[in-house]
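Okay, model.txt now, which holds compact mmCIF, C-alpha atoms:
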# COMPACT_ATOMS: atom_id res chain seq x y z
CA MET A 30 7.96 -18.28 24.74
CA ASN A 31 11.44 -16.98 23.90
CA LEU A 32 11.41 -13.29 22.91
CA THR A 33 15.11 -13.11 22.00
CA ASP A 34 16.82 -14.58 18.94
CA LEU A 35 18.44 -17.97 19.29
CA PRO A 36 21.99 -18.05 17.86
CA ARG A 37 20.81 -19.53 14.55
CA HIS A 38 18.04 -16.94 14.31
CA ALA A 39 20.49 -14.13 15.04
CA ALA A 40 22.73 -15.36 12.21
CA PHE A 41 19.70 -15.60 9.92
CA ARG A 42 18.69 -12.04 10.83
CA LEU A 43 22.13 -10.73 9.87
CA GLU A 44 21.93 -12.56 6.54
CA VAL A 45 18.50 -11.06 5.85
CA ARG A 46 19.60 -7.57 6.87
CA ASP A 47 22.61 -7.71 4.57
CA TRP A 48 20.56 -8.89 1.58
CA ILE A 49 17.89 -6.22 2.07
CA ARG A 50 20.56 -3.53 2.43
CA GLN A 51 21.99 -4.53 -0.93
CA HIS A 52 18.81 -5.21 -2.95
CA ALA A 53 15.84 -3.23 -1.57
CA PRO A 54 14.41 -0.42 -3.78
CA TRP A 55 15.91 2.38 -1.70
CA ASP A 56 15.21 4.92 -4.43
CA GLN A 57 11.48 4.42 -3.75
CA LEU A 58 11.71 4.57 0.06
CA ALA A 59 10.11 7.99 0.56
CA ARG A 60 7.04 7.06 -1.45
CA ILE A 61 6.79 3.58 0.06
CA ARG A 62 6.68 5.02 3.59
CA ARG A 63 3.60 7.03 2.63
CA MET A 64 1.75 3.80 1.76
CA ARG A 65 1.61 2.75 5.41
CA PHE A 66 -2.09 3.49 5.83
CA ALA A 67 -3.31 2.67 2.33
CA GLY A 68 -2.02 5.95 0.94
CA GLN A 69 -1.22 6.08 -2.78
CA PRO A 70 1.89 8.22 -3.38
CA PHE A 71 2.47 6.77 -6.84
CA GLU A 72 1.01 8.64 -9.79
CA THR A 73 -0.83 5.59 -11.11
CA GLU A 74 -1.81 2.21 -9.75
CA HIS A 75 0.14 0.62 -12.59
CA GLU A 76 3.34 2.27 -11.33
CA TRP A 77 2.66 1.05 -7.79
CA LEU A 78 2.05 -2.51 -9.00
CA ASP A 79 5.21 -2.42 -11.11
CA VAL A 80 7.37 -1.44 -8.12
CA ALA A 81 5.70 -4.07 -5.91
CA ARG A 82 6.05 -6.80 -8.52
CA ARG A 83 9.72 -6.07 -9.15
CA TRP A 84 10.48 -6.27 -5.42
CA GLN A 85 8.46 -9.49 -5.04
CA ARG A 86 10.20 -11.05 -8.04
CA LYS A 87 13.60 -10.08 -6.70
CA LYS A 88 12.77 -11.76 -3.38
CA PHE A 89 11.46 -14.85 -5.15
CA ASP A 90 14.51 -15.25 -7.39
CA ALA A 91 16.82 -14.98 -4.38
CA GLY A 92 14.78 -17.42 -2.26
CA TRP A 93 13.28 -14.86 0.15
CA ALA A 94 9.61 -15.09 -0.85
CA CYS A 95 6.96 -17.04 1.10
CA LEU A 96 9.60 -18.57 3.34
CA VAL A 97 7.30 -21.02 5.16
CA TRP A 98 5.92 -22.53 1.94
CA PRO A 99 7.32 -25.88 0.76
CA LEU A 100 10.09 -25.71 -1.83
CA GLU A 101 7.94 -27.31 -4.53
CA TYR A 102 5.39 -24.49 -4.23
CA GLY A 103 7.88 -21.64 -4.52
CA GLY A 104 8.86 -21.25 -0.87
CA ARG A 105 11.87 -22.26 1.18
CA GLY A 106 10.46 -24.57 3.84
CA LEU A 107 11.61 -22.41 6.76
CA SER A 108 9.95 -21.89 10.13
CA PRO A 109 7.38 -19.21 11.05
CA THR A 110 10.01 -17.55 13.25
CA GLU A 111 12.37 -17.08 10.31
CA ASN A 112 9.50 -15.70 8.26
CA VAL A 113 8.75 -13.12 10.96
CA ILE A 114 12.42 -12.19 11.17
CA PHE A 115 12.44 -11.43 7.45
CA GLN A 116 9.28 -9.33 7.78
CA GLU A 117 10.79 -7.37 10.67
CA GLU A 118 13.99 -6.67 8.75
CA GLU A 119 12.10 -5.80 5.57
CA GLY A 120 10.73 -2.80 7.46
CA PRO A 121 9.03 -0.17 5.29
CA PHE A 122 9.51 -2.28 2.16
CA ALA A 123 6.93 -4.69 3.57
CA GLU A 124 4.35 -2.11 2.43
CA LEU A 125 4.90 -3.49 -1.08
CA PHE A 126 3.30 -6.73 0.11
CA GLY A 127 -0.11 -5.08 -0.30
CA PRO A 128 -1.04 -6.39 -3.77
CA PHE A 129 -0.06 -9.93 -2.76
CA MET A 130 -1.49 -10.06 0.78
CA ILE A 131 -4.77 -11.69 -0.20
CA GLY A 132 -3.22 -14.21 -2.60
CA GLN A 133 -0.29 -15.22 -0.43
CA GLY A 134 -1.82 -14.70 3.02
CA PHE A 135 -5.46 -15.80 2.59
CA VAL A 136 -5.83 -17.78 -0.64
CA ALA A 137 -2.59 -19.78 -0.75
CA PRO A 138 -3.24 -21.65 2.54
CA THR A 139 -6.70 -22.53 1.18
CA LEU A 140 -5.21 -23.86 -2.06
CA MET A 141 -2.63 -25.86 -0.10
CA ALA A 142 -5.41 -27.45 1.94
CA TYR A 143 -7.95 -28.15 -0.80
CA ALA A 144 -6.52 -27.86 -4.35
CA SER A 145 -5.17 -30.82 -6.30
CA GLU A 146 -1.42 -31.40 -6.26
CA ALA A 147 -1.18 -30.47 -9.94
CA HIS A 148 -2.96 -27.18 -9.32
CA LYS A 149 -0.82 -26.37 -6.31
CA ARG A 150 2.34 -26.76 -8.39
CA ARG A 151 0.79 -24.74 -11.19
CA TYR A 152 -0.57 -21.77 -9.27
CA LEU A 153 1.41 -21.37 -6.04
CA PRO A 154 4.84 -20.53 -7.53
CA ALA A 155 3.23 -17.80 -9.65
CA LEU A 156 1.61 -16.44 -6.48
CA ALA A 157 4.93 -16.49 -4.63
CA SER A 158 6.77 -14.64 -7.41
CA GLY A 159 4.13 -11.94 -7.83
CA GLU A 160 3.46 -13.02 -11.39
CA SER A 161 -0.21 -13.59 -10.52
CA ILE A 162 -2.47 -11.70 -8.09
CA TRP A 163 -5.53 -13.35 -6.59
CA CYS A 164 -8.63 -11.89 -4.95
CA GLN A 165 -11.17 -13.28 -2.49
CA MET A 166 -14.85 -12.95 -3.49
CA PHE A 167 -16.95 -13.45 -0.37
CA SER A 168 -19.08 -10.41 0.53
CA GLU A 169 -22.32 -9.55 -1.30
CA PRO A 170 -24.81 -6.67 -1.08
CA ALA A 171 -26.99 -8.75 1.31
CA ALA A 172 -24.24 -10.89 2.86
CA GLY A 173 -21.40 -9.01 4.47
CA SER A 174 -20.97 -9.80 8.15
CA ASP A 175 -23.37 -12.73 7.72
CA LEU A 176 -21.10 -14.48 5.25
CA ALA A 177 -23.08 -17.72 5.28
CA GLY A 178 -25.97 -15.80 3.73
CA VAL A 179 -24.33 -15.51 0.29
CA ARG A 180 -26.74 -15.92 -2.63
CA LEU A 181 -24.51 -16.05 -5.70
CA ARG A 182 -25.82 -19.27 -7.30
CA ALA A 183 -23.75 -22.25 -8.37
CA THR A 184 -25.80 -24.52 -10.65
CA ARG A 185 -24.63 -27.90 -11.87
CA CYS A 186 -24.10 -28.23 -15.64
CA ASP A 187 -22.22 -30.51 -18.04
CA ARG A 188 -18.62 -30.90 -16.79
CA GLY A 189 -18.94 -28.23 -14.15
CA TRP A 190 -20.95 -25.32 -12.79
CA LYS A 191 -22.55 -22.06 -13.86
CA LEU A 192 -22.12 -19.13 -11.45
CA SER A 193 -24.61 -16.25 -11.42
CA GLY A 194 -24.88 -13.32 -9.04
CA GLN A 195 -22.86 -10.48 -7.55
CA LYS A 196 -20.00 -9.94 -5.15
CA LEU A 197 -19.12 -6.63 -3.47
CA TRP A 198 -16.12 -5.04 -1.67
CA THR A 199 -13.70 -7.35 -3.48
CA SER A 200 -10.23 -5.92 -2.87
CA GLY A 201 -7.94 -5.87 -5.89
CA ALA A 202 -10.32 -7.64 -8.28
CA HIS A 203 -9.52 -5.11 -11.00
CA HIS A 204 -5.88 -6.21 -11.16
CA SER A 205 -6.30 -9.90 -10.24
CA SER A 206 -5.77 -12.81 -12.60
CA HIS A 207 -7.67 -15.31 -10.42
CA GLY A 208 -9.97 -15.37 -7.42
CA ILE A 209 -11.73 -17.73 -5.05
CA VAL A 210 -15.51 -17.41 -4.83
CA LEU A 211 -18.01 -18.73 -2.27
CA ALA A 212 -21.33 -19.67 -3.88
CA ARG A 213 -24.76 -21.06 -2.93
CA SER A 214 -25.05 -24.55 -4.41
CA ASP A 215 -28.08 -25.89 -2.51
CA LEU A 216 -31.13 -23.81 -1.54
CA ASP A 217 -32.68 -26.67 0.40
CA ALA A 218 -29.78 -27.14 2.81
CA PRO A 219 -29.23 -24.98 5.92
CA LYS A 220 -27.32 -21.86 4.99
CA HIS A 221 -23.94 -23.02 6.35
CA ARG A 222 -24.22 -26.38 4.52
CA GLY A 223 -25.40 -25.29 1.08
CA LEU A 224 -22.20 -23.52 0.07
CA THR A 225 -19.42 -24.56 -2.29
CA MET A 226 -16.07 -22.89 -2.93
CA PHE A 227 -14.47 -22.47 -6.37
CA TYR A 228 -11.59 -20.62 -7.93
CA VAL A 229 -12.02 -18.80 -11.23
CA GLU A 230 -9.99 -16.97 -13.82
CA MET A 231 -11.02 -13.31 -13.71
CA ALA A 232 -10.86 -13.09 -17.51
CA SER A 233 -13.55 -15.78 -17.85
CA PRO A 234 -16.50 -14.87 -20.11
CA GLY A 235 -19.37 -13.50 -18.04
CA ILE A 236 -17.27 -11.85 -15.30
CA THR A 237 -17.53 -8.07 -15.07
CA VAL A 238 -15.46 -6.03 -12.58
CA ARG A 239 -16.51 -2.50 -11.63
CA PRO A 240 -14.28 -0.51 -9.26
CA VAL A 241 -16.00 1.20 -6.32
CA ARG A 242 -14.93 4.83 -5.91
CA GLN A 243 -14.11 5.59 -2.26
CA LEU A 244 -14.36 8.85 -0.37
CA SER A 245 -10.58 9.27 -0.68
CA GLY A 246 -10.82 9.04 -4.46
CA ALA A 247 -9.08 5.66 -4.57
CA SER A 248 -10.69 2.44 -5.79
CA HIS A 249 -9.31 -0.48 -3.78
CA PHE A 250 -12.66 -2.33 -3.80
CA ASN A 251 -14.85 -3.64 -6.59
CA GLU A 252 -18.20 -5.03 -7.54
CA VAL A 253 -17.89 -8.31 -9.42
CA PHE A 254 -20.79 -9.63 -11.50
CA PHE A 255 -21.16 -13.25 -12.64
CA ASP A 256 -23.41 -13.91 -15.63
CA ASP A 257 -23.61 -17.70 -16.15
CA VAL A 258 -19.85 -18.06 -15.74
CA PHE A 259 -18.75 -21.60 -16.50
CA VAL A 260 -16.37 -23.15 -13.96
CA PRO A 261 -14.99 -26.69 -14.48
CA ASP A 262 -15.64 -29.01 -11.55
CA GLU A 263 -11.87 -29.47 -11.17
CA GLN A 264 -11.79 -25.85 -9.95
CA ARG A 265 -13.99 -26.70 -6.98
CA LEU A 266 -12.18 -26.43 -3.63
CA GLY A 267 -13.38 -29.01 -1.13
CA ASP A 268 -16.57 -31.00 -1.27
CA GLU A 269 -19.83 -29.89 -2.83
CA GLY A 270 -21.74 -28.31 0.05
CA GLY A 271 -18.53 -28.08 2.10
CA GLY A 272 -17.72 -24.49 1.20
CA TRP A 273 -18.21 -23.17 4.72
CA GLN A 274 -15.34 -25.25 6.09
CA VAL A 275 -13.14 -24.11 3.21
CA ALA A 276 -14.13 -20.49 3.90
CA LEU A 277 -13.19 -20.89 7.58
CA THR A 278 -9.65 -21.82 6.48
CA THR A 279 -9.48 -18.65 4.42
CA LEU A 280 -10.98 -16.46 7.15
CA SER A 281 -8.67 -17.81 9.86
CA ASN A 282 -5.62 -16.98 7.76
CA GLU A 283 -7.11 -13.61 6.82
CA ARG A 284 -7.57 -12.57 10.45
CA MET A 285 -4.16 -13.88 11.42
CA THR A 286 -2.48 -12.00 8.56
CA LEU A 287 -4.38 -8.76 9.19
CA GLY A 288 -3.88 -8.92 12.94
CA ALA A 289 -0.15 -9.59 12.65
CA SER A 290 0.78 -7.17 9.88
CA THR A 291 -1.48 -4.13 10.20
CA PRO A 292 0.06 -0.91 11.61
CA THR A 293 -1.67 0.83 14.50
CA GLY A 294 -0.26 4.34 14.11
CA PHE A 295 1.25 4.46 17.60
CA ASP A 296 4.69 5.56 16.40
CA GLU A 297 3.15 8.35 14.32
CA LEU A 298 1.08 9.58 17.27
CA PHE A 299 4.05 9.47 19.66
CA GLU A 300 6.11 11.54 17.24
CA LEU A 301 3.27 14.04 16.85
CA ALA A 302 2.81 14.34 20.62
CA ARG A 303 6.49 15.20 21.09
CA ARG A 304 6.43 17.95 18.47
CA PRO A 305 6.26 21.50 19.94
CA GLY A 306 3.35 23.64 18.82
CA ALA A 307 3.35 27.31 17.93
CA ASP A 308 3.57 28.20 21.65
CA GLY A 309 6.64 25.99 22.14
CA ALA A 310 4.80 23.39 24.22
CA ALA A 311 4.51 19.75 23.11
CA PRO A 312 1.20 17.88 23.68
CA ILE A 313 3.04 15.11 25.56
CA GLU A 314 3.66 17.56 28.39
CA SER A 315 -0.03 17.25 29.25
CA PRO A 316 -0.88 14.48 31.79
CA ILE A 317 -4.04 13.67 29.83
CA VAL A 318 -2.08 13.09 26.63
CA ARG A 319 0.53 10.99 28.45
CA GLU A 320 -2.23 8.87 29.98
CA ARG A 321 -3.77 8.14 26.57
CA ILE A 322 -0.39 7.34 25.04
CA ALA A 323 0.41 4.98 27.92
CA GLU A 324 -2.92 3.21 27.39
CA TRP A 325 -2.23 2.69 23.68
CA TYR A 326 1.35 1.63 24.34
CA ALA A 327 0.00 -1.15 26.58
CA LYS A 328 -2.41 -2.26 23.85
CA VAL A 329 0.20 -2.19 21.10
CA THR A 330 2.62 -4.16 23.28
CA GLY A 331 -0.11 -6.69 24.04
CA LEU A 332 -0.82 -7.05 20.32
CA ARG A 333 2.85 -7.70 19.62
CA TYR A 334 3.04 -10.40 22.31
CA GLY A 335 -0.18 -11.89 20.94
CA VAL A 336 1.57 -12.35 17.60
CA TYR A 337 4.45 -14.04 19.43
CA ARG A 338 1.95 -16.36 21.12
CA ILE A 339 0.48 -17.37 17.75
CA LEU A 340 4.00 -17.79 16.41
CA ALA A 341 4.87 -20.14 19.27
CA THR A 342 1.72 -22.17 18.52
CA LEU A 343 2.71 -22.50 14.86
CA GLU A 344 6.27 -23.47 15.81
CA ARG A 345 4.81 -26.40 17.81
CA GLY A 346 3.03 -27.57 14.67
CA GLU A 347 -0.39 -26.60 16.04
CA GLN A 348 -3.07 -24.32 14.61
CA PRO A 349 -4.12 -21.16 16.50
CA GLY A 350 -7.72 -21.01 17.67
CA PRO A 351 -10.15 -18.11 18.03
CA GLU A 352 -7.40 -15.99 19.60
CA VAL A 353 -6.43 -14.93 16.06
CA ALA A 354 -9.52 -12.71 16.21
CA VAL A 355 -8.06 -10.69 19.10
CA GLY A 356 -5.27 -9.03 17.15
CA LYS A 357 -7.56 -7.98 14.34
CA LEU A 358 -10.34 -6.80 16.68
CA VAL A 359 -8.13 -4.78 19.02
CA GLY A 360 -5.72 -3.57 16.35
CA ALA A 361 -8.35 -2.14 14.03
CA ARG A 362 -10.16 -0.24 16.79
CA THR A 363 -6.86 1.01 18.20
CA THR A 364 -5.79 2.34 14.81
CA GLN A 365 -8.95 4.39 14.43
CA ASP A 366 -8.88 5.65 18.03
CA ILE A 367 -5.24 6.74 17.69
CA ALA A 368 -6.00 8.50 14.40
CA ALA A 369 -8.97 10.35 15.90
CA PHE A 370 -6.85 11.49 18.86
CA GLY A 371 -4.08 12.59 16.49
CA LEU A 372 -6.55 14.71 14.52
CA ASP A 373 -7.75 16.24 17.81
CA LEU A 374 -4.16 17.09 18.72
CA LEU A 375 -3.58 18.67 15.35
CA GLY A 376 -6.62 20.94 15.59
CA ALA A 377 -6.31 24.42 14.11
CA ARG A 378 -2.98 25.11 15.86
CA GLY A 379 -1.53 21.74 14.97
CA ARG A 380 -2.54 21.91 11.33
CA ALA A 381 -0.66 25.15 10.86
CA ALA A 382 2.46 23.78 12.56
CA ALA A 383 2.44 20.24 11.17
CA GLY A 384 1.81 20.81 7.47
CA ASP A 385 -0.44 19.09 4.99
CA ASP A 386 1.48 15.79 4.85
CA VAL A 387 1.03 15.05 8.56
CA VAL A 388 -2.64 16.03 8.48
CA SER A 389 -3.22 13.83 5.43
CA GLN A 390 -1.44 10.94 7.13
CA PHE A 391 -3.82 11.00 10.11
CA HIS A 392 -6.84 11.35 7.83
CA GLU A 393 -5.64 8.30 5.89
CA MET A 394 -5.04 6.47 9.17
CA PHE A 395 -8.59 7.18 10.37
CA CYS A 396 -10.16 6.00 7.09
CA PHE A 397 -7.89 2.95 7.08
CA GLY A 398 -9.03 2.06 10.60
CA ALA A 399 -12.68 2.29 9.55
CA ILE A 400 -12.08 -0.06 6.62
CA HIS A 401 -10.01 -2.42 8.76
CA ARG A 402 -12.84 -2.73 11.31
CA ILE A 403 -15.08 -4.13 8.57
CA GLU A 404 -12.74 -6.30 6.49
CA GLY A 405 -12.03 -9.80 7.73
CA GLY A 406 -15.04 -9.74 10.06
CA THR A 407 -16.65 -6.78 11.79
CA ASP A 408 -16.05 -5.95 15.44
CA GLU A 409 -19.40 -7.50 16.36
CA VAL A 410 -18.71 -10.76 14.53
CA LEU A 411 -15.28 -11.12 16.13
CA ARG A 412 -16.70 -10.44 19.61
CA ASN A 413 -19.26 -13.20 19.05
CA ILE A 414 -16.51 -15.59 17.96
CA LEU A 415 -14.47 -14.86 21.08
CA ALA A 416 -17.49 -15.02 23.37
CA GLU A 417 -18.78 -18.33 22.04
CA ARG A 418 -15.61 -20.20 21.05
CA ALA A 419 -13.01 -18.84 23.46
CA LEU A 420 -15.08 -18.03 26.56
CA GLY A 421 -17.79 -20.66 26.12
CA LEU A 422 -20.68 -18.22 26.52
CA PRO A 423 -24.14 -19.21 25.21
CA PRO A 424 -24.65 -18.51 21.50
CA GLU A 425 -27.02 -15.85 20.33
CA PRO A 426 -30.59 -16.93 19.44
CA ARG A 427 -30.91 -17.65 15.72
CA ALA A 428 -33.91 -17.30 13.45
CA ASP A 429 -32.18 -18.55 10.30
CA ARG A 430 -32.22 -22.31 10.75
CA GLY A 431 -33.76 -24.72 8.27
CA PRO A 432 -33.56 -24.64 4.46
CA PHE A 433 -31.93 -21.51 3.09
CA ARG A 434 -34.81 -20.86 0.68
CA ASP A 435 -37.18 -20.46 3.67
CA ILE A 436 -35.11 -17.76 5.41
CA PRO A 437 -36.79 -14.35 5.04
CA ILE A 438 -34.76 -11.98 2.91
CA ALA A 439 -35.16 -8.40 1.75
CA ARG A 440 -34.97 -9.27 -1.95
CA PRO A 441 -36.03 -12.37 -3.88
CA LEU A 442 -33.43 -14.97 -4.79
CA PRO A 443 -32.16 -14.88 -8.37

Please express what this file holds, its structure, as structure tokens.
Amino acid sequence: MNLTDLPRHAAFRLEVRDWIRQHAPWDQLARIRRMRFAGQPFETEHEWLDVARRWQRKKFDAGWACLVWPLEYGGRGLSPTENVIFQEEEGPFAELFGPFMIGQGFVAPTLMAYASEAHKRRYLPALASGESIWCQMFSEPAAGSDLAGVRLRATRCDRGWKLSGQKLWTSGAHHSSHGIVLARSDLDAPKHRGLTMFYVEMASPGITVRPVRQLSGASHFNEVFFDDVFVPDEQRLGDEGGGWQVALTTLSNERMTLGASTPTGFDELFELARRPGADGAAPIESPIVRERIAEWYAKVTGLRYGVYRILATLERGEQPGPEVAVGKLVGARTTQDIAAFGLDLLGARGRAAAGDDVVSQFHEMFCFGAIHRIEGGTDEVLRNILAERALGLPPEPRADRGPFRDIPIARPLP
């Protein structure tokens, strides 16, 4: 693993840096920095989306969007290393990637693997340019961590399928043009084998999106209801009954994207610890505080090298294994632990000295960490994946084998 730029990468980095210096939306920098932990400094979501879309379009038109994608799909056919270099140099402006993370990071690799060639050429360039935003409809009220337990029904009909049921915690559904949806197509098959994946237009008759109001007042998540929504069979991704394998492609890319791109809050905590309080003393002068900071520095450094390890695997043309779960598992917990410690440091004395913006930032960081520990697989699910697939430990006993319709559930099937 080479942790320094090769000469061609160094030249590429200078080219990227010069382009960003000339074209980035510097007039929005102050507000963009406040988005780091899912904050919303823009007055309306429409304004935020407009800024993000303009930046994405500018990158696309200049050939800087989705660098690893093939040229025919709107990318540039470059290596993962060059993609990471661009992300590093993009710096705070990478926060504008938020509306497109699911579509470009999770959904696009699934479309590349399973969609028809005509559909790839139709939908992927619009994803790369920011013209279209896609969502991922997996979780349900009774199927969150146990994703294979989804009950939204897919019933065969003339020329396609009818989808009926509900999805929950769907990020960005309220501003998405399309979405992928995992559905139950066979009640008599075991739960992992009776699933089929589709993509749908969110404006289709029978789809209702209801934003979920969060404690912060924002509404990043949604309920999505399907009432006999017709989906042509050509919008099926993968084989009938093969939806679980398709979903694993999406989930692997989701965990890799989240683990590689999510901030931990270490820099914010380090800055806070160095700031003198009302008595003139900085928290970092305490051995206990220094010990905690050193512990988190080691974790954050390990996370960064874990990303480099995955990058080296991709550069060899191989696919990462269950290790992609490590970054997401450790990073999400670290973010919340750092935020909690920062709030402890602030306390009554710190709040008076730091001001409302700093206090709000650590509150947002703590809430963000809580959300991040659930999305893309809970801590418990990721630990099971690592235990069984990476360490080879015995799997947990299961009581949900056999036909899905025979598995006990809290509510009757629709």

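Among the candidate residues A:Trp55, A:Tyr228, A:Trp93, A:Phe370, the one lying nearest to A:Thr139 is A:Tyr228, with distances computed using only C-alpha atoms.
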
Practice task
Just the residues within 9 Å of stretch 120-127 of chain A, please, counting all atoms listed in the file, with nothing from its chain fewer than 4 positions along; format it as a PyMOL selection string.
Solution key: chain A and resi 53-55+58+61-62+64-65+67+77-78+80-82+84-85+115-116+131

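Restricting the calculation to all atoms listed in the file, the smallest distance between A:Leu375 and any of A:Arg304, A:His75, A:Lys328, A:Arg182 is found for A:Arg304.
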
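Residues lying within 10 Å of A:Gly431, counting only C-alpha atoms and ignoring same-chain neighbours fewer than 6 positions away, are A:Asp217, A:Ala218, A:Pro219, A:Lys220.
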
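Minimum atom-to-atom distances from A:Gly223, A:Gly406, A:Pro316, A:Gly294 to A:Phe433 were compared using all atoms listed in the file, and the lowest value belongs to A:Gly223.
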
Taking all listed atoms of stretch 179-183 of chain A, build the axis-aligned box, pad each of the six sides by 4 Å, then write its centre and edge lengths in Å to one decimal as AutoDock Vina command-line options.
--center_x -25.2 --center_y -18.9 --center_z -4.0 --size_x 11.0 --size_y 14.7 --size_z 16.7

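Among the candidate residues A:Val410, A:Ile436, A:Leu358, A:Leu415, the one lying nearest to A:Gly173 is A:Val410, with distances computed using all atoms listed in the file.
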